[in-house]
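Novice: Take a look at target.cif, mmCIF, C-alpha atoms:
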data_input
loop_
_atom_site.label_atom_id
_atom_site.label_comp_id
_atom_site.auth_asym_id
_atom_site.auth_seq_id
_atom_site.Cartn_x
_atom_site.Cartn_y
_atom_site.Cartn_z
CA MET A 33 0.00 0.00 0.00
CA ALA A 34 1.38 3.43 -0.85
CA GLU A 35 2.26 5.55 2.14
CA GLU A 36 0.39 8.79 2.43
CA VAL A 37 2.10 11.33 4.62
CA LYS A 38 0.65 14.82 5.00
CA LEU A 39 1.98 17.59 7.18
CA ILE A 40 -0.46 20.33 8.13
CA ARG A 41 1.54 23.41 8.96
CA THR A 42 1.99 27.15 8.62
CA TRP A 43 4.85 28.71 6.67
CA SER A 44 6.55 30.07 9.79
CA SER A 45 5.82 27.75 12.71
CA PRO A 46 9.11 26.52 14.20
CA PHE A 47 7.26 23.56 15.69
CA ALA A 48 6.17 22.50 12.22
CA LEU A 49 9.61 23.10 10.75
CA ARG A 50 11.14 20.50 13.05
CA ILE A 51 8.78 17.94 11.50
CA VAL A 52 9.80 18.96 7.98
CA TRP A 53 13.42 18.42 9.01
CA ALA A 54 12.72 14.99 10.51
CA LEU A 55 10.83 13.80 7.43
CA LYS A 56 13.55 15.07 5.10
CA LEU A 57 16.39 13.60 7.15
CA LYS A 58 14.68 10.23 7.04
CA GLY A 59 13.99 10.57 3.33
CA ILE A 60 10.22 10.34 3.75
CA GLU A 61 8.04 11.71 0.95
CA PHE A 62 5.30 13.95 2.23
CA GLU A 63 2.75 16.52 1.16
CA THR A 64 2.55 19.89 2.86
CA VAL A 65 -0.86 21.36 3.64
CA LEU A 66 -0.44 25.04 4.45
CA GLU A 67 -2.82 26.45 7.03
CA ASP A 68 -4.06 29.96 7.57
CA LEU A 69 -4.58 30.05 11.35
CA ALA A 70 -7.00 32.94 11.02
CA SER A 71 -9.27 30.63 9.07
CA LYS A 72 -8.64 27.03 10.12
CA SER A 73 -9.42 24.35 7.59
CA PRO A 74 -11.93 21.53 8.24
CA LEU A 75 -8.99 19.13 7.85
CA LEU A 76 -7.11 20.76 10.73
CA LEU A 77 -10.15 20.97 12.99
CA GLN A 78 -10.92 17.34 12.27
CA SER A 79 -7.33 16.18 12.72
CA ASN A 80 -6.59 18.10 15.92
CA PRO A 81 -9.95 18.80 17.55
CA VAL A 82 -8.39 19.09 21.02
CA HIS A 83 -5.88 21.88 20.43
CA LYS A 84 -6.72 22.98 16.85
CA LYS A 85 -3.04 23.75 16.33
CA VAL A 86 -0.29 22.97 13.84
CA PRO A 87 1.68 20.93 13.15
CA VAL A 88 -0.36 17.79 12.58
CA LEU A 89 1.07 14.78 10.80
CA VAL A 90 -1.51 12.67 9.00
CA HIS A 91 -0.15 9.23 8.16
CA ASN A 92 -2.43 7.07 6.02
CA GLY A 93 -5.38 9.08 7.30
CA LYS A 94 -4.41 8.88 10.99
CA PRO A 95 -3.50 12.17 12.68
CA VAL A 96 -0.74 12.76 15.23
CA SER A 97 -0.48 16.12 17.02
CA GLU A 98 2.03 17.92 19.27
CA SER A 99 5.41 18.28 17.62
CA LEU A 100 7.51 16.32 20.11
CA VAL A 101 4.96 13.48 20.02
CA ILE A 102 5.09 13.60 16.20
CA LEU A 103 8.89 13.41 16.22
CA GLU A 104 8.80 10.28 18.39
CA TYR A 105 6.13 8.78 16.13
CA ILE A 106 8.27 9.41 13.05
CA GLU A 107 11.28 7.92 14.82
CA GLU A 108 9.39 4.76 15.77
CA THR A 109 7.62 4.30 12.44
CA TRP A 110 10.54 4.90 10.08
CA LYS A 111 13.45 3.29 11.83
CA GLU A 112 16.19 4.14 9.29
CA LYS A 113 18.52 7.02 10.11
CA PRO A 114 17.63 7.06 13.82
CA LEU A 115 17.28 10.40 15.57
CA LEU A 116 17.32 9.04 19.10
CA PRO A 117 20.07 7.00 20.76
CA GLU A 118 19.39 3.37 21.73
CA ASP A 119 20.35 3.80 25.35
CA PRO A 120 17.31 4.59 27.57
CA TYR A 121 19.29 7.08 29.67
CA GLU A 122 20.51 9.02 26.65
CA LYS A 123 16.95 8.96 25.27
CA ALA A 124 15.62 10.34 28.55
CA SER A 125 18.23 13.08 28.41
CA SER A 126 17.23 14.10 24.85
CA ARG A 127 13.57 14.16 25.84
CA PHE A 128 14.28 16.22 28.94
CA TRP A 129 16.16 18.90 27.01
CA ALA A 130 13.63 18.92 24.17
CA LYS A 131 10.89 19.70 26.70
CA PHE A 132 13.10 22.27 28.37
CA SER A 133 13.57 23.96 25.00
CA ASP A 134 9.81 24.19 24.45
CA GLU A 135 8.68 25.00 27.97
CA LYS A 136 11.46 27.26 29.21
CA LEU A 137 14.08 28.22 26.64
CA LEU A 138 11.88 29.31 23.77
CA PRO A 139 9.39 31.27 25.91
CA SER A 140 12.22 33.04 27.75
CA VAL A 141 13.96 34.00 24.50
CA TRP A 142 10.65 35.10 23.01
CA THR A 143 9.94 37.32 26.02
CA VAL A 144 13.27 39.08 25.52
CA PHE A 145 12.35 39.92 21.97
CA ILE A 146 8.88 41.21 22.56
CA SER A 147 9.88 43.35 25.55
CA GLN A 148 11.19 46.86 25.65
CA GLY A 149 13.44 48.81 28.00
CA ASN A 150 13.51 47.65 31.62
CA LYS A 151 11.25 44.71 30.98
CA GLN A 152 13.71 43.47 28.38
CA GLU A 153 16.59 43.82 30.86
CA GLU A 154 14.65 41.70 33.33
CA ALA A 155 13.72 39.14 30.70
CA LEU A 156 17.37 38.67 29.78
CA VAL A 157 18.20 37.03 33.11
CA PRO A 158 16.23 33.79 32.72
CA ALA A 159 16.91 33.68 28.97
CA LEU A 160 20.68 33.79 29.47
CA GLU A 161 20.47 31.24 32.27
CA ASN A 162 18.52 28.87 30.03
CA LEU A 163 20.94 29.41 27.16
CA GLN A 164 23.80 28.53 29.48
CA PHE A 165 22.16 25.21 30.38
CA ILE A 166 21.90 24.39 26.68
CA GLU A 167 25.45 25.53 26.00
CA GLU A 168 26.66 23.01 28.57
CA GLN A 169 24.83 20.21 26.79
CA LEU A 170 27.08 20.71 23.76
CA GLU A 171 30.26 20.01 25.75
CA GLY A 172 32.41 17.64 23.66
CA LYS A 173 29.78 17.28 20.95
CA LYS A 174 29.33 18.46 17.41
CA PHE A 175 25.54 18.20 17.45
CA PHE A 176 23.27 17.71 20.46
CA GLY A 177 22.84 14.20 19.10
CA GLY A 178 26.63 13.62 19.10
CA GLU A 179 28.36 13.08 15.80
CA LYS A 180 25.08 13.25 13.91
CA ILE A 181 21.91 15.31 14.13
CA GLY A 182 19.41 13.97 16.61
CA LEU A 183 15.96 14.68 17.93
CA LEU A 184 17.28 17.30 20.33
CA ASP A 185 18.95 19.23 17.49
CA LEU A 186 15.60 19.32 15.72
CA ALA A 187 13.85 20.42 18.90
CA ILE A 188 16.32 23.26 19.48
CA GLY A 189 16.72 23.98 15.77
CA TRP A 190 14.35 26.95 15.97
CA MET A 191 17.35 28.79 17.38
CA ALA A 192 19.28 28.47 14.15
CA ASP A 193 16.66 30.37 12.20
CA MET A 194 14.64 32.44 14.57
CA VAL A 195 17.30 33.91 16.82
CA SER A 196 19.20 35.71 14.08
CA VAL A 197 15.92 37.09 12.75
CA LEU A 198 14.91 38.26 16.22
CA GLU A 199 18.36 39.74 16.76
CA GLU A 200 18.06 41.71 13.54
CA VAL A 201 14.56 42.97 14.39
CA THR A 202 15.55 44.16 17.88
CA GLY A 203 19.20 45.02 17.37
CA LEU A 204 20.00 42.93 20.44
CA LYS A 205 22.69 40.24 20.09
CA LEU A 206 21.52 37.52 22.42
CA ILE A 207 23.86 34.67 21.52
CA GLN A 208 27.22 36.33 21.76
CA GLU A 209 30.05 34.19 20.49
CA ASP A 210 32.35 34.78 23.45
CA LYS A 211 29.61 33.90 25.95
CA PHE A 212 28.15 30.98 23.98
CA PRO A 213 30.93 29.62 21.77
CA LEU A 214 29.50 26.09 21.50
CA LEU A 215 25.98 27.27 20.72
CA SER A 216 27.29 29.75 18.15
CA ALA A 217 29.28 27.02 16.43
CA TRP A 218 26.32 24.64 16.54
CA ILE A 219 23.98 27.20 14.98
CA GLU A 220 26.34 27.48 12.02
CA ILE A 221 26.83 23.78 11.35
CA PHE A 222 23.17 22.97 11.98
CA ALA A 223 22.00 25.63 9.55
CA ASP A 224 24.44 24.25 7.00
CA VAL A 225 23.03 20.71 6.95
CA PRO A 226 21.45 20.42 3.47
CA GLU A 227 18.01 19.25 4.67
CA ILE A 228 17.92 22.14 7.12
CA LYS A 229 19.25 24.71 4.70
CA GLU A 230 16.66 23.98 2.04
CA SER A 231 13.72 24.06 4.44
CA GLY A 232 13.85 27.43 6.15
CA ALA A 233 11.14 30.02 5.79
CA PRO A 234 12.10 33.07 3.67
CA ARG A 235 14.18 35.30 5.93
CA GLU A 236 12.72 38.61 4.76
CA LYS A 237 9.23 37.35 5.37
CA LEU A 238 10.20 36.23 8.91
CA ILE A 239 11.75 39.61 9.61
CA SER A 240 8.58 41.43 8.54
CA LYS A 241 6.45 39.11 10.61
CA PHE A 242 8.44 39.52 13.80
CA GLN A 243 8.81 43.24 13.32
CA ALA A 244 5.03 43.47 13.14
CA ILE A 245 4.60 41.33 16.27
CA ARG A 246 7.12 43.38 18.22
CA ASP A 247 5.46 46.63 17.12
CA ALA A 248 2.08 45.29 18.18
CA TYR A 249 3.41 44.46 21.66
CA ALA A 250 5.05 47.87 21.97
CA ALA A 251 1.78 49.52 20.99
CA THR A 252 -0.11 47.79 23.78
CA LYS A 253 1.98 49.48 26.46
CA MET B 49 26.00 -5.67 41.62
CA GLY B 50 22.38 -4.83 42.20
CA SER B 51 21.20 -1.71 40.50
CA GLU B 52 20.71 1.18 42.83
CA ILE B 53 17.51 3.13 42.48
CA LEU B 54 16.58 6.20 44.44
CA LEU B 55 13.42 8.22 44.07
CA LEU B 56 13.38 11.81 45.31
CA ASP B 57 9.73 12.63 45.75
CA SER B 58 7.02 14.33 47.75
CA TRP B 59 4.19 12.12 49.10
CA VAL B 60 1.51 14.46 47.83
CA SER B 61 2.85 14.94 44.30
CA MET B 62 0.62 13.42 41.62
CA PHE B 63 3.69 13.44 39.41
CA GLY B 64 5.73 11.48 41.93
CA MET B 65 2.88 8.99 42.13
CA ARG B 66 3.35 8.21 38.44
CA VAL B 67 6.92 7.09 39.01
CA ARG B 68 6.00 5.09 42.12
CA ILE B 69 3.29 3.27 40.16
CA ALA B 70 5.61 2.51 37.23
CA LEU B 71 8.27 1.10 39.55
CA ALA B 72 5.66 -0.97 41.39
CA GLU B 73 4.18 -2.28 38.14
CA LYS B 74 7.61 -3.56 37.18
CA GLY B 75 8.30 -4.96 40.65
CA ILE B 76 11.40 -2.82 41.04
CA LYS B 77 12.88 -2.29 44.47
CA TYR B 78 14.00 1.23 45.23
CA GLU B 79 14.69 3.65 48.03
CA TYR B 80 12.07 6.35 48.48
CA ARG B 81 13.28 9.66 49.82
CA GLU B 82 10.80 12.29 50.90
CA GLU B 83 11.86 15.82 50.01
CA ASP B 84 10.84 18.86 52.03
CA LEU B 85 10.07 21.24 49.22
CA ARG B 86 10.51 24.25 51.49
CA SER B 87 14.06 23.14 52.18
CA LYS B 88 15.34 21.19 49.20
CA SER B 89 18.16 18.74 49.76
CA PRO B 90 21.61 19.27 48.21
CA LEU B 91 21.07 16.00 46.35
CA LEU B 92 17.88 17.26 44.71
CA LEU B 93 19.51 20.53 43.72
CA LYS B 94 22.45 18.61 42.27
CA MET B 95 20.35 16.03 40.43
CA ASN B 96 17.79 18.45 39.02
CA PRO B 97 19.58 21.79 38.81
CA VAL B 98 17.37 23.00 35.97
CA HIS B 99 13.94 22.72 37.59
CA LYS B 100 14.81 21.84 41.22
CA LYS B 101 11.62 19.77 41.33
CA VAL B 102 10.48 16.31 42.27
CA PRO B 103 10.18 13.58 41.26
CA VAL B 104 13.73 12.68 40.28
CA LEU B 105 14.57 9.07 39.58
CA ILE B 106 18.24 8.30 40.20
CA HIS B 107 19.42 5.03 38.64
CA ASN B 108 22.99 4.03 39.45
CA GLY B 109 23.77 7.65 40.22
CA LYS B 110 22.27 9.07 37.01
CA PRO B 111 19.22 11.31 37.34
CA VAL B 112 16.08 11.27 35.21
CA SER B 113 13.80 14.24 35.81
CA GLU B 114 10.25 15.03 34.70
CA SER B 115 7.76 12.35 35.68
CA LEU B 116 6.62 11.21 32.22
CA ASN B 117 10.22 11.03 31.16
CA ALA B 118 11.01 8.85 34.16
CA VAL B 119 8.03 6.58 33.43
CA GLN B 120 9.20 6.11 29.83
CA TYR B 121 12.73 5.48 31.05
CA ILE B 122 11.46 2.81 33.44
CA ASP B 123 9.34 1.27 30.68
CA GLU B 124 12.29 1.12 28.29
CA THR B 125 14.88 -0.08 30.79
CA TRP B 126 12.69 -2.87 32.21
CA LYS B 127 10.94 -3.54 28.95
CA ASP B 128 10.15 -7.21 29.42
CA ILE B 129 7.98 -6.77 32.50
CA SER B 130 4.46 -5.29 32.37
CA PRO B 131 4.97 -2.92 29.44
CA LEU B 132 3.22 0.39 29.97
CA LEU B 133 3.30 1.95 26.52
CA PRO B 134 1.63 -0.02 23.71
CA SER B 135 3.90 -1.52 21.05
CA ASP B 136 2.30 0.08 18.00
CA PRO B 137 3.81 3.51 17.16
CA TYR B 138 0.41 5.07 16.43
CA TYR B 139 -1.09 4.01 19.75
CA ARG B 140 2.10 5.09 21.50
CA SER B 141 1.70 8.53 19.96
CA GLN B 142 -1.89 8.73 21.18
CA SER B 143 -0.87 7.78 24.74
CA ARG B 144 1.87 10.38 24.68
CA PHE B 145 -0.47 13.02 23.27
CA TRP B 146 -3.03 12.49 26.01
CA ALA B 147 -0.42 12.34 28.75
CA ASP B 148 0.83 15.69 27.47
CA PHE B 149 -2.80 16.94 27.60
CA VAL B 150 -3.03 15.88 31.24
CA ASP B 151 0.14 17.83 32.01
CA LYS B 152 -0.92 20.92 30.10
CA LYS B 153 -4.55 21.12 31.18
CA VAL B 154 -5.56 18.99 34.16
CA TYR B 155 -2.87 20.11 36.60
CA ASP B 156 -3.37 23.85 36.05
CA ALA B 157 -7.15 23.67 36.11
CA GLY B 158 -7.08 21.59 39.30
CA ARG B 159 -4.60 23.90 40.97
CA LYS B 160 -6.76 26.93 40.23
CA ILE B 161 -9.68 25.31 42.03
CA TRP B 162 -7.94 25.20 45.39
CA THR B 163 -5.93 28.39 45.02
CA THR B 164 -8.80 30.72 44.12
CA LYS B 165 -12.30 31.57 45.18
CA GLY B 166 -15.39 33.28 43.84
CA LYS B 167 -15.62 33.84 40.09
CA ASP B 168 -12.10 32.58 39.41
CA GLN B 169 -12.88 29.36 41.21
CA GLU B 170 -16.12 28.90 39.26
CA LYS B 171 -14.21 29.34 36.02
CA ALA B 172 -11.55 26.86 37.18
CA LYS B 173 -14.15 24.26 38.12
CA LYS B 174 -15.77 24.53 34.71
CA GLU B 175 -12.42 24.20 32.94
CA PHE B 176 -11.42 21.24 35.10
CA VAL B 177 -14.64 19.33 34.49
CA GLU B 178 -14.38 20.05 30.76
CA CYS B 179 -10.88 18.54 30.68
CA LEU B 180 -12.05 15.47 32.54
CA LYS B 181 -14.95 15.06 30.13
CA VAL B 182 -12.60 15.16 27.17
CA LEU B 183 -10.51 12.46 28.82
CA GLU B 184 -13.64 10.48 29.64
CA GLY B 185 -14.52 10.64 25.95
CA GLU B 186 -11.13 9.21 25.15
CA LEU B 187 -11.65 6.41 27.65
CA GLY B 188 -15.02 5.48 26.17
CA ASP B 189 -16.19 2.08 27.34
CA LYS B 190 -12.73 0.59 27.69
CA PRO B 191 -11.61 -0.65 31.12
CA TYR B 192 -8.36 1.30 30.81
CA PHE B 193 -7.26 4.07 28.47
CA GLU B 194 -5.21 1.73 26.33
CA GLY B 195 -7.78 -1.02 26.29
CA GLU B 196 -7.66 -4.20 28.32
CA SER B 197 -4.42 -3.49 30.17
CA PHE B 198 -3.36 -0.81 32.59
CA GLY B 199 -0.86 1.43 30.82
CA TYR B 200 0.99 4.68 30.36
CA LEU B 201 -1.96 7.05 30.17
CA ASP B 202 -3.61 5.45 33.21
CA VAL B 203 -0.34 6.01 35.06
CA ALA B 204 -0.22 9.61 33.87
CA LEU B 205 -3.70 10.47 35.15
CA ILE B 206 -4.52 8.30 38.17
CA GLY B 207 -2.42 10.30 40.68
CA PHE B 208 -4.83 13.21 40.26
CA TYR B 209 -7.59 11.01 41.68
CA SER B 210 -6.01 11.39 45.12
CA TRP B 211 -6.56 15.13 44.76
CA PHE B 212 -10.20 14.94 43.65
CA TYR B 213 -11.54 15.05 47.22
CA ALA B 214 -9.53 18.22 47.89
CA TYR B 215 -10.73 19.85 44.65
CA GLU B 216 -14.35 18.85 45.34
CA THR B 217 -14.33 20.06 48.92
CA CYS B 218 -12.58 23.37 48.16
CA GLY B 219 -14.78 23.93 45.16
CA ASN B 220 -17.97 22.59 46.67
CA PHE B 221 -18.84 20.34 43.77
CA SER B 222 -18.88 16.68 42.89
CA ILE B 223 -16.99 15.09 40.01
CA GLU B 224 -18.80 11.73 39.82
CA PRO B 225 -22.12 12.99 38.44
CA GLU B 226 -20.20 14.85 35.73
CA CYS B 227 -17.81 12.05 34.86
CA PRO B 228 -19.16 8.72 36.08
CA LYS B 229 -17.10 6.60 33.69
CA LEU B 230 -13.91 8.31 34.70
CA ILE B 231 -14.60 7.73 38.39
CA ALA B 232 -15.38 4.08 37.63
CA TRP B 233 -12.05 3.89 35.83
CA ALA B 234 -10.27 5.45 38.80
CA LYS B 235 -11.81 2.95 41.23
CA ARG B 236 -10.80 0.13 38.90
CA CYS B 237 -7.21 1.40 38.92
CA MET B 238 -7.26 1.64 42.72
CA GLU B 239 -7.92 -2.11 42.86
CA LYS B 240 -4.37 -2.58 41.63
CA GLU B 241 -1.84 -2.75 44.43
CA SER B 242 0.71 -0.75 42.44
CA VAL B 243 -1.76 2.13 42.40
CA SER B 244 -3.35 1.90 45.85
CA LYS B 245 0.06 1.72 47.53
CA SER B 246 1.40 4.67 45.51
CA LEU B 247 -1.39 7.18 45.87
CA ALA B 248 -1.65 9.58 48.78
CA GLU B 249 -4.74 9.38 50.96
CA PRO B 250 -7.31 11.92 49.77
CA GLN B 251 -8.10 13.12 53.31
CA LYS B 252 -4.42 13.82 53.98
CA VAL B 253 -4.12 15.68 50.67
CA TYR B 254 -7.09 17.81 51.65
CA ASP B 255 -5.61 18.50 55.11
CA LEU B 256 -2.43 19.74 53.45
CA VAL B 257 -4.39 21.85 50.96
CA LEU B 258 -6.19 23.54 53.89
CA ILE B 259 -2.86 24.41 55.48
CA LEU B 260 -1.59 25.81 52.19
CA ARG B 261 -4.77 27.81 51.61
CA GLU B 262 -4.32 29.42 55.00
CA LYS B 263 -0.67 30.07 54.31
CA PHE B 264 -1.46 31.72 50.98
CA GLY B 265 -4.29 33.69 52.56
CA ILE B 266 -6.91 32.27 50.22
CA ASP B 267 -9.75 31.87 52.68
#
Translate this structure into structure tokens?

Specialist:
Amino acid sequence: MAEEVKLIRTWSSPFALRIVWALKLKGIEFETVLEDLASKSPLLLQSNPVHKKVPVLVHNGKPVSESLVILEYIEETWKEKPLLPEDPYEKASSRFWAKFSDEKLLPSVWTVFISQGNKQEEALVPALENLQFIEEQLEGKKFFGGEKIGLLDLAIGWMADMVSVLEEVTGLKLIQEDKFPLLSAWIEIFADVPEIKESGAPREKLISKFQAIRDAYAATK
Amino acid sequence: MGSEILLLDSWVSMFGMRVRIALAEKGIKYEYREEDLRSKSPLLLKMNPVHKKVPVLIHNGKPVSESLNAVQYIDETWKDISPLLPSDPYYRSQSRFWADFVDKKVYDAGRKIWTTKGKDQEKAKKEFVECLKVLEGELGDKPYFEGESFGYLDVALIGFYSWFYAYETCGNFSIEPECPKLIAWAKRCMEKESVSKSLAEPQKVYDLVLILREKFGID
């Protein structure tokens, strides 16, 4: 039976992008269904009735939601080119840091970029602390996954794209090379991986989008 | 050499209960260490420097934090005994999705019930019951969430049952009329020794909640 793999996503969602990367790295053919979140499609509402969010992977008609859950599903369904280590402890470690990225790191970095003045100064403290934790995870490694890209690289991969865009929009250099040498090096080699390079959202479009978001936040003060 | 397993936990934590249940299901012997969360031990701070929270499972000196993570670790390390996650990747993804739902929705909604009053509390009760109804829909007529056997999603949710009495009493409402199938499921789970020995006593949970409410000046 032919495999039918659909990915419901938006053009800019970093959570969806990590799924694109996983599918490409595993060499899985898939169809992209682009969503307009202001006007959600019946397919999305049917496939993710609980959260009504992207991304959703639909495999042979069966939907899987929540990006980290989707990544594990992809890993377990298409076993070639594994993204997770075999060892349960190493797996647990990848999962822990992937969750940390979503629940703490990304929100703290985001807060820095939508804040102004004093609030931004305050927001920097947790963001830098979280970045330091991640920096330490790269000790002695090329990728978070070791010699090769792993699930954790995909989970943290939003940094490779989004941070430089956010830095340009705000004029604030968050990941300074002298403070975060390992992270800075990782961002470069991660972004250079062919499957990653060819998948990014258009930079100019991202810049416009984030500029608009930042302006909107500033206007609400 | 026997493997050394230590669990840093708090008796009242519904997250800690998950790990206790998983260990009990697999028949694993371990040392339980109660943490005083107002005065965290150096070991806890060393083993979970990022979140400084319980539970932390320490296996041969190596820590695994975050309860669902620890449950998966236990399931994968002792994979030949009482598997908790189903074997099919699609069903595994569904279990993980719903466990994530429990973490994202049930905990916060429940917490708001005992930490607020008036309109906020009414809103929290409504949200909480709605979440439980969604889960009840997922359960359907099955004995357990994954079907015939007790599994991962049951483990993820059942600890909250020990807090239901506290939520109901603080919020002055009853869960059973709203979610009869879910309560039946909970009672079924409680018939398992791994669950009944791991859950805190509802009355004791409520007593603690009263102390905390006073401390936070909620009443």

Novice: Name the residues that the PyMOL selection byres ((chain B) within 12 of (chain A)) pulls out of this structure, and write them as a ChimeraX atom specification.

Specialist: /B:96-99,104-127,135-153,178-179,181-183,185-186

Novice: Using the chain letters and residue numbers of this document, give as a short mmCIF file (atom, residue, chain, number, x, y, z; two decimals) with C-alpha atoms, in the coordinates of the input the residues selected by the PyMOL selection byres ((chain B and resi 54) around 8).

Specialist:
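For reference, expr-v2.cif as written:
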data_model
loop_
_atom_site.label_atom_id
_atom_site.label_comp_id
_atom_site.auth_asym_id
_atom_site.auth_seq_id
_atom_site.Cartn_x
_atom_site.Cartn_y
_atom_site.Cartn_z
CA GLU B 52 20.71 1.18 42.83
CA ILE B 53 17.51 3.13 42.48
CA LEU B 55 13.42 8.22 44.07
CA LEU B 56 13.38 11.81 45.31
CA TYR B 78 14.00 1.23 45.23
CA GLU B 79 14.69 3.65 48.03
CA TYR B 80 12.07 6.35 48.48
CA ARG B 81 13.28 9.66 49.82
CA LEU B 105 14.57 9.07 39.58
CA ILE B 106 18.24 8.30 40.20
CA HIS B 107 19.42 5.03 38.64
#

Novice: For stretch 34-51 of chain A, list every protein, DNA or RNA residue within 10 Å, evaluated using all atoms listed in the file, and leave out those in the same chain fewer than 5 positions away; present the list as a compact mmCIF listing (two decimals) with C-alpha atoms, keeping the file's coordinate frame.

Specialist:
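Okay, part.txt is ready:
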# COMPACT_ATOMS: atom_id res chain seq x y z
CA LYS A 56 13.55 15.07 5.10
CA LEU A 57 16.39 13.60 7.15
CA ILE A 60 10.22 10.34 3.75
CA GLU A 61 8.04 11.71 0.95
CA PHE A 62 5.30 13.95 2.23
CA GLU A 63 2.75 16.52 1.16
CA THR A 64 2.55 19.89 2.86
CA VAL A 65 -0.86 21.36 3.64
CA LEU A 66 -0.44 25.04 4.45
CA GLU A 67 -2.82 26.45 7.03
CA ASP A 68 -4.06 29.96 7.57
CA LEU A 69 -4.58 30.05 11.35
CA SER A 73 -9.42 24.35 7.59
CA LEU A 75 -8.99 19.13 7.85
CA LEU A 76 -7.11 20.76 10.73
CA SER A 79 -7.33 16.18 12.72
CA LYS A 85 -3.04 23.75 16.33
CA VAL A 86 -0.29 22.97 13.84
CA PRO A 87 1.68 20.93 13.15
CA VAL A 88 -0.36 17.79 12.58
CA LEU A 89 1.07 14.78 10.80
CA VAL A 90 -1.51 12.67 9.00
CA HIS A 91 -0.15 9.23 8.16
CA ASN A 92 -2.43 7.07 6.02
CA GLY A 93 -5.38 9.08 7.30
CA LYS A 94 -4.41 8.88 10.99
CA PRO A 95 -3.50 12.17 12.68
CA VAL A 96 -0.74 12.76 15.23
CA SER A 97 -0.48 16.12 17.02
CA GLU A 98 2.03 17.92 19.27
CA SER A 99 5.41 18.28 17.62
CA LEU A 100 7.51 16.32 20.11
CA ILE A 102 5.09 13.60 16.20
CA LEU A 103 8.89 13.41 16.22
CA ILE A 106 8.27 9.41 13.05
CA ASP A 134 9.81 24.19 24.45
CA LEU A 183 15.96 14.68 17.93
CA ASP A 185 18.95 19.23 17.49
CA LEU A 186 15.60 19.32 15.72
CA ALA A 187 13.85 20.42 18.90
CA ILE A 188 16.32 23.26 19.48
CA GLY A 189 16.72 23.98 15.77
CA TRP A 190 14.35 26.95 15.97
CA MET A 191 17.35 28.79 17.38
CA ASP A 193 16.66 30.37 12.20
CA MET A 194 14.64 32.44 14.57
CA ILE A 228 17.92 22.14 7.12
CA SER A 231 13.72 24.06 4.44
CA GLY A 232 13.85 27.43 6.15
CA ALA A 233 11.14 30.02 5.79
CA PRO A 234 12.10 33.07 3.67
CA LYS A 237 9.23 37.35 5.37
CA LEU A 238 10.20 36.23 8.91
CA LYS A 241 6.45 39.11 10.61

Novice: Edge lengths and centre, in Å to one decimal, as AutoDock Vina command-line options: that's what I need for the box along x, y and z that holds all listed atoms of stretch 105-117 of chain A plus 8 Å on each side.

Specialist:
--center_x 13.1 --center_y 6.8 --center_z 15.0 --size_x 29.9 --size_y 23.1 --size_z 27.5

Novice: Please list as a JSON list (two decimals) with C-alpha atoms, in the frame of the given file every residue within 10 Å of B:Glu184, counting all atoms listed in the file and excluding residues in the same chain fewer than 2 positions away.

Specialist:
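part_32.json written:
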[["chain", "number", "residue", "atom", "x", "y", "z"],
["B", 178, "GLU", "CA", -14.38, 20.05, 30.76],
["B", 179, "CYS", "CA", -10.88, 18.54, 30.68],
["B", 180, "LEU", "CA", -12.05, 15.47, 32.54],
["B", 181, "LYS", "CA", -14.95, 15.06, 30.13],
["B", 182, "VAL", "CA", -12.60, 15.16, 27.17],
["B", 186, "GLU", "CA", -11.13, 9.21, 25.15],
["B", 187, "LEU", "CA", -11.65, 6.41, 27.65],
["B", 188, "GLY", "CA", -15.02, 5.48, 26.17],
["B", 189, "ASP", "CA", -16.19, 2.08, 27.34],
["B", 193, "PHE", "CA", -7.26, 4.07, 28.47],
["B", 226, "GLU", "CA", -20.20, 14.85, 35.73],
["B", 227, "CYS", "CA", -17.81, 12.05, 34.86],
["B", 228, "PRO", "CA", -19.16, 8.72, 36.08],
["B", 229, "LYS", "CA", -17.10, 6.60, 33.69],
["B", 230, "LEU", "CA", -13.91, 8.31, 34.70],
["B", 231, "ILE", "CA", -14.60, 7.73, 38.39],
["B", 233, "TRP", "CA", -12.05, 3.89, 35.83]]

Novice: Kindly resolve the PyMOL selection byres ((chain A and resi 113) around 10) on the present coordinates and return the residues as a PyMOL selection string.

Specialist: chain A and resi 54+57-59+107+110-112+114-116+180-182

Novice: Looking at only C-alpha atoms, which of A:Ala70, A:Leu138, A:Val144, A:Pro117 is the one that sits closest to A:Tyr249?

Specialist: A:Val144

Novice: Could you check which of A:Val52, A:Ala248, A:Ile207, A:Ala223 is closest to A:Glu167, using all atoms listed in the file?

Specialist: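 Among A:Val52, A:Ala248, A:Ile207, A:Ala223, it is A:Ile207 that comes nearest to A:Glu167.
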
Novice: Have a look at B:Thr164, B:Tyr254, B:Asp57, B:Glu194 and name the one nearest to B:Leu91; count only C-alpha atoms.

Specialist: B:Asp57

Novice: In Å, rounded to a single decimal, give me how far atom CA of B:Ala70 is from atom CA of B:Ser242.

Specialist: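 Interatomic distance, atom CA of B:Ser242 to atom CA of B:Ala70: 7.9 Å.
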
Novice: Between atom CA of B:Val243 and atom CA of B:Ile69, what is the distance in Å, rounded to a tenth?

Specialist: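 Going from atom CA of B:Val243 over to atom CA of B:Ile69, I get 5.6 Å.
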
Novice: Could you check the closest approach to B:Val60 for each of B:Thr163, B:Ser244, B:Ser210, B:Thr217 and tell me which residue wins, using only C-alpha atoms?

Specialist: B:Ser210

Novice: Can you measure atom CA of B:Ala232 to atom CA of B:Lys245 for me? One decimal in Å is fine.

Specialist: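 Interatomic distance here is 18.5 Å.
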